[in-house]
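**Q** Take a look at my_file34.pdb, PDB, C-alpha atoms and all ligand atoms:
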```pdb
ATOM      1  CA  MET A 618      35.516  42.066 103.034
ATOM      2  CA  SER A 619      33.977  44.988 104.874
ATOM      3  CA  ASP A 620      34.821  48.507 103.730
ATOM      4  CA  LEU A 621      36.934  48.814 106.822
ATOM      5  CA  GLN A 622      38.977  45.736 106.020
ATOM      6  CA  LYS A 623      39.358  46.844 102.429
ATOM      7  CA  GLU A 624      40.693  50.203 103.447
ATOM      8  CA  ALA A 625      42.941  48.514 106.006
ATOM      9  CA  ALA A 626      44.429  46.196 103.407
ATOM     10  CA  LYS A 627      44.997  48.999 100.921
ATOM     11  CA  ARG A 628      46.310  51.235 103.602
ATOM     12  CA  SER A 629      48.838  48.796 104.989
ATOM     13  CA  ARG A 630      50.167  48.084 101.526
ATOM     14  CA  ARG A 631      50.687  51.754 100.816
ATOM     15  CA  ALA A 632      51.920  52.581 104.299
ATOM     16  CA  PHE A 633      54.671  50.052 103.803
ATOM     17  CA  LEU A 634      55.551  51.291 100.363
ATOM     18  CA  THR A 635      55.585  54.956 101.275
ATOM     19  CA  LEU A 636      56.894  54.988 104.801
ATOM     20  CA  GLY A 637      59.103  51.933 104.489
ATOM     21  CA  ALA A 638      60.946  53.794 101.787
ATOM     22  CA  GLY A 639      61.152  56.778 104.086
ATOM     23  CA  ALA A 640      62.557  60.039 102.885
ATOM     24  CA  VAL A 641      62.356  58.859  99.301
ATOM     25  CA  GLY A 642      58.606  58.547  99.675
ATOM     26  CA  VAL A 643      58.265  61.959 101.268
ATOM     27  CA  ILE A 644      60.389  63.710  98.666
ATOM     28  CA  GLY A 645      58.981  61.688  95.790
ATOM     29  CA  GLY A 646      55.524  62.968  96.622
ATOM     30  CA  TRP A 647      51.991  61.950  96.063
ATOM     31  CA  SER A 648      52.224  60.422  92.590
ATOM     32  CA  TRP A 649      54.783  57.997  93.923
ATOM     33  CA  LEU A 650      52.214  56.663  96.370
ATOM     34  CA  ASN A 651      50.025  55.264  93.673
ATOM     35  CA  ARG A 652      52.563  52.821  92.338
ATOM     36  CA  GLY A 653      53.222  49.263  93.382
ATOM     37  CA  LYS A 654      51.122  46.460  94.751
ATOM     38  CA  GLY A 655      51.377  43.243  96.681
ATOM     39  CA  LEU A 656      51.926  43.574 100.422
ATOM     40  CA  THR A 657      49.100  42.749 102.770
ATOM     41  CA  GLY A 658      50.464  43.736 106.164
ATOM     42  CA  ILE A 659      53.237  45.263 108.164
ATOM     43  CA  ALA A 660      55.439  42.609 109.775
ATOM     44  CA  PRO A 661      56.750  43.544 113.234
ATOM     45  CA  ALA A 662      60.278  43.724 111.866
ATOM     46  CA  PHE A 663      59.234  46.646 109.673
ATOM     47  CA  ARG A 664      57.859  48.536 112.653
ATOM     48  CA  LYS A 665      61.390  49.679 113.466
ATOM     49  CA  VAL A 666      61.889  50.928 109.940
ATOM     50  CA  LEU A 667      58.691  52.950 110.191
ATOM     51  CA  ASP A 668      59.743  54.457 113.495
ATOM     52  CA  VAL A 669      63.099  55.464 112.044
ATOM     53  CA  ASP A 670      61.275  57.030 109.125
ATOM     54  CA  GLU A 671      59.082  58.947 111.522
ATOM     55  CA  SER A 672      62.082  60.477 113.243
ATOM     56  CA  ILE A 673      63.546  61.402 109.864
ATOM     57  CA  ALA A 674      60.283  62.970 108.774
ATOM     58  CA  ARG A 675      59.917  64.858 112.035
ATOM     59  CA  GLY A 676      63.490  65.998 112.428
ATOM     60  CA  VAL A 677      64.645  66.665 108.917
ATOM     61  CA  LEU A 678      61.760  67.102 106.564
ATOM     62  CA  PHE A 679      59.097  68.550 108.803
ATOM     63  CA  SER A 680      59.116  72.130 109.924
ATOM     64  CA  GLU A 681      56.687  75.016 110.234
ATOM     65  CA  SER A 682      57.845  76.249 106.847
ATOM     66  CA  HIS A 683      56.815  72.958 105.299
ATOM     67  CA  LEU A 684      53.386  74.008 104.058
ATOM     68  CA  ALA A 685      51.011  71.815 102.129
ATOM     69  CA  PRO A 686      50.278  73.327  98.715
ATOM     70  CA  GLU A 687      47.309  75.696  98.539
ATOM     71  CA  PHE A 688      45.016  76.023  95.535
ATOM     72  CA  ALA A 689      42.788  78.587  93.816
ATOM     73  CA  ALA A 690      38.990  78.645  94.151
ATOM     74  CA  ALA A 691      38.707  77.351  90.585
ATOM     75  CA  ASP A 692      40.502  74.162  91.656
ATOM     76  CA  ILE A 693      37.872  73.148  94.254
ATOM     77  CA  GLN A 694      36.520  69.718  93.411
ATOM     78  CA  ALA A 695      33.255  67.886  94.041
ATOM     79  CA  MET A 696      32.972  66.694  97.628
ATOM     80  CA  ARG A 697      33.618  63.060  98.374
ATOM     81  CA  VAL A 698      32.723  61.238 101.591
ATOM     82  CA  ASN A 699      34.881  58.530 103.084
ATOM     83  CA  GLY A 700      34.644  56.822 106.463
ATOM     84  CA  SER A 701      31.746  56.952 108.918
ATOM     85  CA  GLU A 702      33.303  55.479 112.056
ATOM     86  CA  GLY A 703      32.013  57.381 115.055
ATOM     87  CA  LEU A 704      29.360  59.224 113.051
ATOM     88  CA  ASP A 705      26.324  57.885 114.885
ATOM     89  CA  GLU A 706      23.032  58.665 113.132
ATOM     90  CA  GLU A 707      21.308  59.459 116.419
ATOM     91  CA  PHE A 708      23.813  62.213 117.119
ATOM     92  CA  ASP A 709      22.268  65.386 118.553
ATOM     93  CA  GLY A 710      24.117  68.496 117.393
ATOM     94  CA  ALA A 711      22.223  70.704 119.849
ATOM     95  CA  THR A 712      23.793  69.085 122.897
ATOM     96  CA  TRP A 713      27.245  68.674 121.356
ATOM     97  CA  ARG A 714      30.168  70.234 123.232
ATOM     98  CA  LEU A 715      33.888  70.104 122.574
ATOM     99  CA  ARG A 716      35.762  68.979 125.695
ATOM    100  CA  LEU A 717      39.377  69.973 126.245
ATOM    101  CA  THR A 718      41.911  68.268 128.509
ATOM    102  CA  PRO A 719      45.212  70.174 128.781
ATOM    103  CA  ARG A 720      48.547  68.421 129.301
ATOM    104  CA  GLY A 721      48.837  67.005 132.813
ATOM    105  CA  ALA A 722      45.097  67.163 133.553
ATOM    106  CA  LYS A 723      43.074  63.985 134.060
ATOM    107  CA  GLU A 724      39.674  65.449 133.269
ATOM    108  CA  PRO A 725      38.467  67.946 130.685
ATOM    109  CA  SER A 726      39.017  71.449 132.008
ATOM    110  CA  ARG A 727      36.511  73.148 129.747
ATOM    111  CA  GLU A 728      33.650  72.669 127.329
ATOM    112  CA  PHE A 729      32.918  74.728 124.224
ATOM    113  CA  THR A 730      29.821  75.278 122.135
ATOM    114  CA  ILE A 731      30.194  75.590 118.388
ATOM    115  CA  ASP A 732      29.402  79.314 118.637
ATOM    116  CA  GLU A 733      32.353  79.771 120.985
ATOM    117  CA  ILE A 734      34.599  78.040 118.441
ATOM    118  CA  ARG A 735      33.171  80.117 115.597
ATOM    119  CA  ALA A 736      33.930  83.304 117.529
ATOM    120  CA  LEU A 737      37.680  82.562 117.404
ATOM    121  CA  PRO A 738      39.897  84.003 114.627
ATOM    122  CA  ARG A 739      38.812  82.476 111.349
ATOM    123  CA  VAL A 740      41.333  80.995 108.931
ATOM    124  CA  GLU A 741      40.629  79.516 105.493
ATOM    125  CA  HIS A 742      42.638  77.502 103.056
ATOM    126  CA  ILE A 743      42.064  75.536  99.906
ATOM    127  CA  THR A 744      44.040  72.325 100.211
ATOM    128  CA  SER A 745      43.994  68.730  99.115
ATOM    129  CA  LEU A 746      42.634  65.985 101.391
ATOM    130  CA  LYS A 747      44.591  62.867 100.532
ATOM    131  CA  CYS A 748      43.130  59.482 101.345
ATOM    132  CA  ILE A 749      45.569  56.650 101.765
ATOM    133  CA  GLU A 750      43.419  54.705  99.281
ATOM    134  CA  GLY A 751      45.011  56.783  96.553
ATOM    135  CA  TRP A 752      42.547  59.560  95.773
ATOM    136  CA  SER A 753      42.491  63.189  96.803
ATOM    137  CA  VAL A 754      40.057  66.114  96.732
ATOM    138  CA  VAL A 755      40.757  69.839  96.776
ATOM    139  CA  GLN A 756      38.379  71.587  99.185
ATOM    140  CA  LYS A 757      38.057  74.924 100.912
ATOM    141  CA  TRP A 758      38.144  74.655 104.698
ATOM    142  CA  SER A 759      37.313  77.286 107.325
ATOM    143  CA  GLY A 760      37.961  77.182 111.028
ATOM    144  CA  VAL A 761      40.305  78.197 113.785
ATOM    145  CA  ARG A 762      43.933  77.151 113.971
ATOM    146  CA  LEU A 763      44.393  74.409 116.547
ATOM    147  CA  SER A 764      47.545  76.299 117.613
ATOM    148  CA  GLU A 765      45.481  79.435 118.296
ATOM    149  CA  PHE A 766      42.878  77.465 120.245
ATOM    150  CA  THR A 767      45.632  75.792 122.276
ATOM    151  CA  LYS A 768      47.454  79.040 123.006
ATOM    152  CA  LYS A 769      44.242  80.531 124.349
ATOM    153  CA  PHE A 770      42.700  77.650 126.277
ATOM    154  CA  ALA A 771      45.511  75.222 127.088
ATOM    155  CA  PRO A 772      48.667  77.336 127.236
ATOM    156  CA  GLY A 773      51.745  75.220 127.873
ATOM    157  CA  SER A 774      50.170  72.117 126.317
ATOM    158  CA  GLU A 775      52.208  72.720 123.142
ATOM    159  CA  ILE A 776      55.129  70.937 124.785
ATOM    160  CA  ALA A 777      53.135  67.707 125.151
ATOM    161  CA  GLY A 778      54.282  64.981 122.797
ATOM    162  CA  TYR A 779      50.837  64.301 121.421
ATOM    163  CA  VAL A 780      47.294  65.446 121.116
ATOM    164  CA  GLY A 781      44.565  62.814 121.069
ATOM    165  CA  MET A 782      41.097  63.369 119.636
ATOM    166  CA  ALA A 783      37.976  61.218 119.688
ATOM    167  CA  THR A 784      34.442  61.321 118.344
ATOM    168  CA  PRO A 785      31.746  61.894 121.003
ATOM    169  CA  ASP A 786      31.027  58.128 121.052
ATOM    170  CA  GLU A 787      34.802  57.395 121.155
ATOM    171  CA  GLU A 788      34.479  55.041 118.171
ATOM    172  CA  TYR A 789      37.029  56.909 116.052
ATOM    173  CA  THR A 790      40.245  58.233 117.522
ATOM    174  CA  VAL A 791      43.398  59.905 116.269
ATOM    175  CA  GLY A 792      46.705  60.651 117.912
ATOM    176  CA  ILE A 793      48.857  63.372 116.424
ATOM    177  CA  ASP A 794      52.388  64.509 117.211
ATOM    178  CA  THR A 795      52.169  68.051 118.577
ATOM    179  CA  PRO A 796      54.410  69.709 115.964
ATOM    180  CA  SER A 797      51.952  68.606 113.267
ATOM    181  CA  ALA A 798      48.971  69.557 115.420
ATOM    182  CA  MET A 799      50.438  73.062 115.944
ATOM    183  CA  HIS A 800      51.207  73.475 112.246
ATOM    184  CA  PRO A 801      49.690  76.720 110.877
ATOM    185  CA  GLN A 802      47.467  74.872 108.379
ATOM    186  CA  THR A 803      45.965  72.556 111.017
ATOM    187  CA  LEU A 804      42.372  73.713 111.660
ATOM    188  CA  LEU A 805      39.443  72.919 113.879
ATOM    189  CA  CYS A 806      37.096  73.224 110.941
ATOM    190  CA  TYR A 807      33.379  74.096 110.932
ATOM    191  CA  GLU A 808      32.837  75.033 107.265
ATOM    192  CA  MET A 809      33.566  73.270 104.025
ATOM    193  CA  ASN A 810      33.384  75.143 100.720
ATOM    194  CA  GLY A 811      31.672  78.087 102.408
ATOM    195  CA  LYS A 812      28.852  76.077 104.045
ATOM    196  CA  PRO A 813      28.475  74.595 107.526
ATOM    197  CA  LEU A 814      29.944  71.094 107.627
ATOM    198  CA  GLU A 815      27.514  68.359 106.652
ATOM    199  CA  ALA A 816      27.005  65.431 109.024
ATOM    200  CA  ALA A 817      28.899  63.012 106.772
ATOM    201  CA  HIS A 818      31.878  65.383 106.710
ATOM    202  CA  GLY A 819      31.996  65.677 110.480
ATOM    203  CA  ALA A 820      29.511  68.304 111.690
ATOM    204  CA  PRO A 821      29.750  70.289 113.809
ATOM    205  CA  LEU A 822      33.582  70.274 114.028
ATOM    206  CA  ARG A 823      36.327  68.259 112.381
ATOM    207  CA  LEU A 824      40.075  68.337 112.119
ATOM    208  CA  VAL A 825      41.721  69.451 108.889
ATOM    209  CA  ILE A 826      45.405  68.652 108.877
ATOM    210  CA  PRO A 827      46.800  68.846 105.337
ATOM    211  CA  VAL A 828      50.271  67.642 106.400
ATOM    212  CA  LYS A 829      48.706  64.254 107.231
ATOM    213  CA  TYR A 830      46.725  61.677 105.294
ATOM    214  CA  GLY A 831      42.917  61.687 105.412
ATOM    215  CA  VAL A 832      42.787  59.147 108.249
ATOM    216  CA  LYS A 833      44.085  61.756 110.710
ATOM    217  CA  ASN A 834      41.479  64.330 109.623
ATOM    218  CA  ILE A 835      38.990  63.183 112.257
ATOM    219  CA  LYS A 836      35.351  64.103 111.667
ATOM    220  CA  ARG A 837      33.013  65.141 114.511
ATOM    221  CA  ILE A 838      35.521  65.837 117.272
ATOM    222  CA  GLY A 839      34.131  65.358 120.775
ATOM    223  CA  THR A 840      37.302  65.526 122.844
ATOM    224  CA  ILE A 841      40.798  66.957 122.557
ATOM    225  CA  ALA A 842      43.381  65.840 125.113
ATOM    226  CA  PHE A 843      47.088  66.653 125.275
ATOM    227  CA  ALA A 844      49.335  63.850 126.492
ATOM    228  CA  ASP A 845      52.952  62.774 126.571
ATOM    229  CA  GLN A 846      52.128  59.136 125.793
ATOM    230  CA  ARG A 847      50.716  58.148 122.419
ATOM    231  CA  PRO A 848      46.924  58.426 122.639
ATOM    232  CA  PRO A 849      44.750  55.707 121.090
ATOM    233  CA  ASP A 850      44.443  55.908 117.316
ATOM    234  CA  PHE A 851      41.816  53.951 115.408
ATOM    235  CA  TRP A 852      44.043  52.924 112.511
ATOM    236  CA  ALA A 853      47.290  52.626 114.447
ATOM    237  CA  ASN A 854      45.460  50.382 116.952
ATOM    238  CA  LEU A 855      44.820  48.044 114.012
ATOM    239  CA  GLY A 856      48.550  47.906 113.358
ATOM    240  CA  TYR A 857      49.117  50.661 110.848
ATOM    241  CA  ASP A 858      51.537  53.550 110.848
ATOM    242  CA  TYR A 859      50.982  56.068 113.636
ATOM    243  CA  TYR A 860      52.602  59.133 112.150
ATOM    244  CA  CYS A 861      50.854  59.089 108.767
ATOM    245  CA  GLY A 862      52.562  62.246 107.542
ATOM    246  CA  LEU A 863      52.665  63.261 103.905
TER     247      LEU A 863
HETATM  248  N1  LIG B 901      35.028  60.173 112.590
HETATM  249  C1  LIG B 901      35.665  59.766 111.492
HETATM  250  N2  LIG B 901      36.543  60.588 110.898
HETATM  251  C2  LIG B 901      37.190  60.199 109.766
HETATM  252  C3  LIG B 901      36.967  58.920 109.202
HETATM  253  C4  LIG B 901      36.042  58.060 109.857
HETATM  254  O1  LIG B 901      35.773  56.904 109.453
HETATM  255  N3  LIG B 901      35.389  58.530 110.981
HETATM  256  N4  LIG B 901      37.633  58.536 108.058
HETATM  257  C5  LIG B 901      38.857  59.286 107.705
HETATM  258  C6  LIG B 901      39.279  59.076 106.323
HETATM  259  S1  LIG B 901      39.965  57.559 105.980
HETATM  260  C7  LIG B 901      39.233  60.057 105.355
HETATM  261  S2  LIG B 901      39.917  59.837 103.831
HETATM  262  C8  LIG B 901      38.567  61.360 105.617
HETATM  263  C9  LIG B 901      37.537  61.675 104.550
HETATM  264  O2  LIG B 901      36.921  62.910 104.810
HETATM  265  P1  LIG B 901      35.622  63.314 104.001
HETATM  266  O3  LIG B 901      34.578  62.248 104.195
HETATM  267  O4  LIG B 901      35.198  64.648 104.515
HETATM  268  O5  LIG B 901      36.035  63.400 102.547
HETATM  269  O6  LIG B 901      37.944  61.366 106.898
HETATM  270  C10 LIG B 901      38.713  60.784 107.936
HETATM  271  N5  LIG B 901      38.062  61.065 109.187
HETATM  272 MO    MO B 902      41.038  57.789 103.978
END
```
Here is a file; write its structure as structure tokens.
Ligand SMILES: Nc1nc2c(c(=O)[nH]1)N[C@H]1C(S)=C(S)[C@@H](COP(=O)(O)O)O[C@H]1N2
Ligand SMILES: [Mo]
**A**
Amino acid sequence: MSDLQKEAAKRSRRAFLTLGAGAVGVIGGWSWLNRGKGLTGIAPAFRKVLDVDESIARGVLFSESHLAPEFAAADIQAMRVNGSEGLDEEFDGATWRLRLTPRGAKEPSREFTIDEIRALPRVEHITSLKCIEGWSVVQKWSGVRLSEFTKKFAPGSEIAGYVGMATPDEEYTVGIDTPSAMHPQTLLCYEMNGKPLEAAHGAPLRLVIPVKYGVKNIKRIGTIAFADQRPPDFWANLGYDYYCGL
């Protein structure tokens, strides 16, 4: 099996176990995720269960006050790389631009250089990146809040249902419900542990969204587009859970 298939198989098994059990999984927390084995896919009949769980998670358990735990500097762990979809080796950082499409627009309305992003109010947090495979790493992340960026450059887009992001080559995509995207800990991140992001971690700009699993923390963002319909999502397109909240 390819690495991709392996992650997919592991992921679907855990997605079923965690999200199929709904609120219990959310309340039970991370350690709960690592138990149980056996399922290889999500049957269509379970899709409904997952969607119900999503509405429970969004309506009842999720709110702005629901913050992911933050850690002390002494807790920062060794970096670990996972996933290289959309991280083309020929990528040229010098010509990279972030393109933004506000809600209702068909084309990007604006492009940003990394220096323009770096000039925005800087926020840092030390949080845990949780891969659906069952491991996690505590890292320090620096960047600008996606909510701040949106308020400034796409005002009004907050009411869109979703924000979609893609790598410059469009190989990796994520779709995120706007409440999670506007969460105060959600960052457009350009530094990891006090140093500019390395290529494998998504240079020059990645998403850090500690209220979601690693899969939604897209590395090397090329485009951000607000939309009312669910945008494409690499893992959800393969049949896995769209919401992917913790
Ligand atoms: N572009 C891109 N972003 C990605 C991935 C990927 O394959 N390509 N993998 C995701 C997964 S599954 C995880 S767990 C995290 C890992 O982030 P890290 O390599 O910085 O630890 O990146 C996420 N973002
Ligand atoms: Mo992951």
**Q** Write out, as a tab-separated table, each residue of stretch 823-863 of chain A that has an atom at most 12 Å from stretch 735-742 of chain A, together with the closest pair of atoms and their distance in Å to one decimal, counting only C-alpha atoms, rows going by chain and rising number.
**A**
```
residue	atom	partner	partner_atom	distance
A:Val825	CA	A:His742	CA	10.0
A:Ile826	CA	A:His742	CA	10.9
A:Pro827	CA	A:His742	CA	9.9
```
**Q** So which residues get picked by the PyMOL selection byres (((chain A and resi 788-801) around 7) and not hetatm) here, written as a VMD selection string?
**A** chain A and resid 681 702 to 703 762 to 764 775 777 to 784 786 to 787 802 to 803 833 835 847 to 851
**Q** Taking all atoms listed in the file into account, which residues are within 7 Å of ligand LIG 901 (chain B), as a list in words?
**A** Met696, Arg697, Val698, Asn699, Gly700, Ser701, Glu702, Gly703, Leu704, Lys747, Cys748, Ile749, Thr784, Tyr789, Ala817, His818, Gly819, Gly831, Val832, Lys833, Asn834, Ile835, Lys836 and Arg837 of chain A
**Q** Could you write out as AutoDock Vina command-line options the box around stretch 692-700 of chain A (axis-aligned, all atoms listed in the file, 3 Å on each side), with centre and edge lengths in Å to one decimal?
**A**
```
--center_x 36.6 --center_y 65.5 --center_z 99.1 --size_x 13.8 --size_y 23.3 --size_z 20.8
```
**Q** Tell me which of A:Asp705, A:Glu815, A:Glu750, A:Glu733 sits closest to ligand MO 902 (chain B), counting only C-alpha atoms and all ligand atoms.
**A**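 Ranked by minimum distance to ligand MO 902 (chain B), first place goes to A:Glu750.
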**Q** I'd like the interatomic distance between atom CA of A:Leu855 and atom CA of A:Ser753, to a tenth of an Å.
**A**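 Rounded to one decimal, the two atoms are 23.0 Å apart.
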**Q** Could you tell me which of A:Cys806, A:Leu863, A:Ile841, A:Leu814 comes closest to A:Pro719 if we count all atoms listed in the file?
**A**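 Nearest candidate to A:Pro719 out of A:Cys806, A:Leu863, A:Ile841, A:Leu814: A:Ile841.
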**Q** For atom CA of A:Leu805 and atom CA of A:Asp845, determine how far apart the two atoms are, in Å to one decimal place.
**A**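 Interatomic distance here is 21.1 Å.
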**Q** Hey, which of A:Ala711, A:Ile731, A:Ile838, A:Leu746 ends up closest to ligand MO 902 (chain B)? Count only C-alpha atoms and all ligand atoms.
**A**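 Going through A:Ala711, A:Ile731, A:Ile838, A:Leu746 one by one, the smallest distance to ligand MO 902 (chain B) is for A:Leu746.
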